[in-house]
file data03.txt (compact mmCIF, C-alpha atoms)
# COMPACT_ATOMS: atom_id res chain seq x y z
CA MET A 283 13.65 -14.02 1.31
CA ALA A 284 10.15 -12.87 0.34
CA LYS A 285 11.01 -9.28 1.28
CA LEU A 286 14.11 -9.43 -0.91
CA VAL A 287 12.04 -10.72 -3.85
CA SER A 288 9.37 -8.04 -3.47
CA LYS A 289 12.01 -5.31 -3.09
CA THR A 290 14.07 -6.49 -6.07
CA TYR A 291 11.13 -6.77 -8.45
CA GLY A 292 9.36 -3.74 -7.00
CA ASP A 293 12.49 -1.62 -7.49
CA ALA A 294 12.79 -2.91 -11.06
CA LEU A 295 9.21 -1.85 -11.83
CA PHE A 296 9.82 1.51 -10.18
CA GLU A 297 12.96 2.13 -12.25
CA LEU A 298 11.13 1.06 -15.41
CA SER A 299 8.32 3.51 -14.66
CA LEU A 300 10.84 6.35 -14.34
CA GLU A 301 12.82 5.36 -17.45
CA GLU A 302 9.70 5.08 -19.59
CA LYS A 303 8.13 8.16 -17.96
CA LYS A 304 5.04 6.11 -17.16
CA GLU A 305 4.88 6.61 -13.40
CA ASP A 306 1.18 7.49 -13.39
CA ILE A 307 0.14 4.66 -15.70
CA LEU A 308 2.09 1.92 -13.92
CA PHE A 309 1.07 3.28 -10.51
CA GLU A 310 -2.63 3.08 -11.44
CA GLU A 311 -2.24 -0.33 -13.09
CA ALA A 312 -0.46 -1.71 -10.03
CA LYS A 313 -3.22 -0.45 -7.72
CA THR A 314 -5.90 -1.87 -10.01
CA PHE A 315 -4.24 -5.27 -10.37
CA LEU A 316 -3.60 -5.47 -6.63
CA GLU A 317 -7.26 -4.81 -5.91
CA VAL A 318 -8.31 -7.44 -8.46
CA ILE A 319 -6.14 -10.20 -6.99
CA ARG A 320 -7.18 -9.30 -3.45
CA ASN A 321 -10.85 -9.64 -4.37
CA ASP A 322 -10.44 -12.77 -6.49
CA ASP A 323 -7.39 -14.92 -5.84
CA GLU A 324 -8.22 -17.45 -8.56
CA LEU A 325 -5.42 -16.17 -10.83
CA VAL A 326 -2.84 -16.36 -8.05
CA ARG A 327 -3.95 -19.90 -7.14
CA PHE A 328 -3.64 -20.90 -10.81
CA MET A 329 -0.16 -19.36 -11.11
CA LYS A 330 1.03 -21.01 -7.88
CA HIS A 331 -0.38 -24.44 -8.73
CA PRO A 332 2.57 -26.87 -8.88
CA LYS A 333 0.97 -29.22 -11.44
CA ILE A 334 0.40 -26.54 -14.08
CA VAL A 335 3.43 -26.20 -16.35
CA LYS A 336 5.10 -22.82 -16.72
CA GLU A 337 4.33 -22.59 -20.45
CA GLU A 338 0.59 -22.86 -19.70
CA LYS A 339 0.90 -20.17 -17.04
CA ILE A 340 2.71 -17.86 -19.47
CA LYS A 341 0.13 -18.46 -22.20
CA THR A 342 -2.71 -17.76 -19.76
CA GLY A 343 -0.92 -14.66 -18.49
CA LYS A 344 -0.50 -13.29 -22.01
CA ASN A 345 -4.19 -13.89 -22.75
CA ILE A 346 -5.23 -12.09 -19.58
CA PHE A 347 -2.73 -9.19 -19.50
CA ASP A 348 -2.33 -8.24 -23.17
CA GLY A 349 -4.74 -5.47 -24.09
CA ARG A 350 -5.82 -4.90 -20.49
CA PHE A 351 -2.56 -3.39 -19.24
CA SER A 352 0.30 -1.40 -20.75
CA LYS A 353 2.99 -3.49 -22.43
CA GLU A 354 5.37 -2.56 -19.59
CA PHE A 355 3.06 -3.76 -16.83
CA ALA A 356 1.97 -6.86 -18.73
CA GLY A 357 5.64 -7.63 -19.42
CA PHE A 358 6.47 -7.19 -15.76
CA LEU A 359 3.76 -9.65 -14.73
CA LEU A 360 4.97 -12.15 -17.33
CA VAL A 361 8.52 -11.88 -15.96
CA LEU A 362 7.16 -12.76 -12.51
CA ILE A 363 5.54 -15.84 -14.05
CA GLN A 364 8.65 -16.84 -16.00
CA LYS A 365 10.86 -16.50 -12.91
CA ASP A 366 8.39 -18.42 -10.71
CA ARG A 367 7.84 -15.30 -8.57
CA PHE A 368 4.12 -14.74 -9.16
CA ALA A 369 3.40 -15.96 -5.63
CA GLU A 370 5.05 -12.72 -4.47
CA VAL A 371 3.02 -10.45 -6.77
CA GLU A 372 0.94 -8.94 -3.96
CA LYS A 373 3.92 -8.03 -1.78
CA THR A 374 5.86 -6.81 -4.82
CA LEU A 375 3.06 -4.50 -5.91
CA GLU A 376 2.57 -3.24 -2.34
CA TYR A 377 6.27 -2.39 -2.23
CA PHE A 378 6.13 -0.68 -5.65
CA ILE A 379 3.03 1.33 -4.66
CA GLY A 380 4.77 2.42 -1.46
CA ARG A 381 7.84 3.58 -3.42
CA MET A 382 5.64 5.39 -5.90
CA LYS A 383 3.70 7.16 -3.12
CA GLU A 384 7.00 8.25 -1.61
CA HIS A 385 8.18 9.47 -5.03
CA LYS A 386 4.92 11.36 -5.62
CA LYS A 387 4.97 12.75 -2.04
CA ILE A 388 1.68 11.10 -1.14
CA GLY A 389 1.31 10.53 2.58
CA VAL A 390 -0.98 7.97 4.13
CA ALA A 391 -2.65 8.98 7.39
CA TYR A 392 -4.74 6.84 9.73
CA VAL A 393 -6.96 8.89 12.01
CA SER A 394 -8.92 7.30 14.86
CA THR A 395 -11.48 9.33 16.77
CA ALA A 396 -14.08 8.58 19.41
CA THR A 397 -16.88 9.95 17.22
CA VAL A 398 -17.51 10.42 13.50
CA LEU A 399 -15.83 13.55 12.15
CA SER A 400 -17.61 16.09 9.98
CA ASP A 401 -16.28 16.90 6.51
CA VAL A 402 -15.04 20.26 7.81
CA GLN A 403 -13.11 18.56 10.63
CA LYS A 404 -11.61 16.10 8.16
CA GLU A 405 -10.52 18.94 5.87
CA LYS A 406 -8.87 20.75 8.79
CA ILE A 407 -6.95 17.63 9.81
CA GLY A 408 -5.80 17.04 6.23
CA ALA A 409 -4.76 20.68 5.81
CA ARG A 410 -2.84 20.63 9.09
CA LEU A 411 -1.00 17.44 8.10
CA LEU A 412 0.02 19.05 4.81
CA GLU A 413 1.38 22.06 6.74
CA ILE A 414 3.54 20.04 9.11
CA THR A 415 4.88 17.39 6.71
CA ASP A 416 6.72 17.33 3.40
CA PHE A 417 3.87 15.53 1.65
CA GLU A 418 1.95 17.22 -1.16
CA THR A 419 -1.23 15.16 -0.75
CA PHE A 420 -2.62 12.65 1.71
CA GLU A 421 -4.65 9.49 1.54
CA MET A 422 -6.79 9.81 4.63
CA ASN A 423 -8.21 6.79 6.46
CA TYR A 424 -10.70 7.50 9.23
CA THR A 425 -11.97 5.07 11.85
CA VAL A 426 -14.12 5.44 14.93
CA ASP A 427 -12.80 3.94 18.17
CA GLU A 428 -15.20 4.71 21.01
CA SER A 429 -12.64 3.49 23.57
CA LEU A 430 -10.64 6.70 22.95
CA LEU A 431 -13.39 8.62 24.83
CA GLY A 432 -12.37 11.85 23.05
CA GLY A 433 -9.50 13.38 21.11
CA MET A 434 -7.79 11.44 18.33
CA VAL A 435 -4.87 9.26 17.33
CA ILE A 436 -3.11 10.08 14.07
CA ARG A 437 -0.58 7.73 12.49
CA VAL A 438 1.54 8.72 9.49
CA GLY A 439 4.18 6.13 8.70
CA ASP A 440 5.96 5.31 11.95
CA ARG A 441 4.94 8.57 13.64
CA VAL A 442 1.98 8.59 16.02
CA VAL A 443 0.30 11.56 17.68
CA ASP A 444 -2.06 10.45 20.44
CA THR A 445 -4.23 13.21 21.92
CA SER A 446 -6.96 10.85 23.08
CA ILE A 447 -8.52 11.15 26.51
CA LYS A 448 -7.83 7.44 26.97
CA ASN A 449 -4.09 8.10 26.56
CA LYS A 450 -4.19 11.12 28.88
CA LEU A 451 -5.99 9.09 31.55
CA LYS A 452 -3.43 6.31 31.21
CA SER A 453 -0.58 8.79 31.55
CA LEU A 454 -2.20 10.43 34.59
CA SER A 455 -2.75 7.00 36.16
CA GLN A 456 0.92 6.14 35.69
CA GLN A 457 1.98 9.44 37.24
CA LEU A 458 -0.29 8.84 40.25
CA SER A 459 1.04 5.30 40.65
CA ALA A 460 4.59 6.63 40.67
CA LEU A 461 3.67 9.16 43.38
CA GLN A 462 2.10 6.52 45.62
CA VAL A 463 5.10 4.21 45.39
CA GLY A 464 7.70 6.92 45.99
call {"tool": "encode", "arguments": {"input": "data03.txt", "output": "structure tokens"}}
result
Amino acid sequence: MAKLVSKTYGDALFELSLEEKKEDILFEEAKTFLEVIRNDDELVRFMKHPKIVKEEKIKTGKNIFDGRFSKEFAGFLLVLIQKDRFAEVEKTLEYFIGRMKEHKKIGVAYVSTATVLSDVQKEKIGARLLEITDFETFEMNYTVDESLLGGMVIRVGDRVVDTSIKNKLKSLSQQLSALQVG
């Protein structure tokens, strides 16, 4: 049910952004608001509180959103409050941001390496990903995982490329085990 709610409202915000030609504005506002509620969940707790009447929530929402966000984004947030869907705001905005990244051809890559990469190495990885995908830009996320021993693991969406020594050793071990049994 929650996925249906986030998809329905996320799609509505996406369509609104296209209709009003405000993709960039709503995309940035959604990212900003998502970061705010992740760092301080007081607003979400207030909006979810069962003993606070809806009218008070709407009034508070208007006071907070008006002037800080575009009328479209503020209106969207108020609709979530009016429809008692504010509890799903985080998932809804995550969905919307994902759709917008897809629309803007922004890929998200997660790169794990055994050691810290230099800026030059990072640039080469980013450039190579742009060459082999349909994305126009990438959000790169780098982590160090010493258990890889060497090489790297790159994940873009549901695709994974694992060139780590750890993976190669595991594969070699499985091949040797198969030889010993047979």
call {"tool": "residues_near_point", "arguments": {"input": "data03.txt", "point": "(-1.9, 8.2, 11.4)", "cutoff": "12 Å", "atoms": "all atoms listed in the file", "output": "list of chain:residue names"}}
result
A:Gly389, A:Val390, A:Ala391, A:Tyr392, A:Val393, A:Ser394, A:Thr395, A:Ile407, A:Gly408, A:Leu411, A:Phe420, A:Glu421, A:Met422, A:Asn423, A:Tyr424, A:Thr425, A:Met434, A:Val435, A:Ile436, A:Arg437, A:Val438, A:Gly439, A:Asp440, A:Arg441, A:Val442, A:Val443, A:Asp444, A:Thr445
call {"tool": "residues_near_point", "arguments": {"input": "data03.txt", "point": "(4.5, 9.7, -0.4)", "cutoff": "12 Å", "atoms": "all atoms listed in the file", "output": "list of chain:residue names"}}
result
A:Phe378, A:Ile379, A:Gly380, A:Arg381, A:Met382, A:Lys383, A:Glu384, A:His385, A:Lys386, A:Lys387, A:Ile388, A:Gly389, A:Val390, A:Ala391, A:Leu412, A:Thr415, A:Asp416, A:Phe417, A:Glu418, A:Thr419, A:Phe420, A:Glu421, A:Val438, A:Gly439
call {"tool": "atom_distance", "arguments": {"input": "data03.txt", "atom1": "CA of Ala369 (chain A)", "atom2": "CA of Phe355 (chain A)"}}
result
16.6 Å
call {"tool": "atom_distance", "arguments": {"input": "data03.txt", "atom1": "CA of Glu297 (chain A)", "atom2": "CA of Tyr377 (chain A)"}}
result
12.9 Å
call {"tool": "closest_residue", "arguments": {"input": "data03.txt", "among": "A:Glu311, A:Val318, A:Asp427, A:Asn449", "to": "Thr397 (chain A)", "atoms": "only C-alpha atoms"}}
result
A:Asp427
call {"tool": "residues_around", "arguments": {"input": "data03.txt", "residues": "Phe315 (chain A)", "least_positions_apart": "4", "cutoff": "12 Å", "atoms": "all atoms listed in the file", "output": "ChimeraX atom specification"}}
result
/A:308-311,319-323,325-326,346-347,350-352,355-356,359,371-372,374-376,379
call {"tool": "atom_distance", "arguments": {"input": "data03.txt", "atom1": "CA of Glu354 (chain A)", "atom2": "CA of Lys330 (chain A)"}}
result
22.3 Å
call {"tool": "closest_residue", "arguments": {"input": "data03.txt", "among": "A:Leu286, A:Ala460, A:Val402, A:Ala294", "to": "Val361 (chain A)", "atoms": "all atoms listed in the file"}}
result
A:Ala294
call {"tool": "residues_around", "arguments": {"input": "data03.txt", "residues": "Glu370 (chain A)", "least_positions_apart": "3", "cutoff": "8 Å", "atoms": "only C-alpha atoms", "output": "PyMOL selection string"}}
result
chain A and resi 284+287-288+367+373-374
call {"tool": "closest_residue", "arguments": {"input": "data03.txt", "among": "A:Leu451, A:Phe368, A:Glu302, A:Leu360", "to": "Asn345 (chain A)", "atoms": "all atoms listed in the file"}}
result
A:Leu360
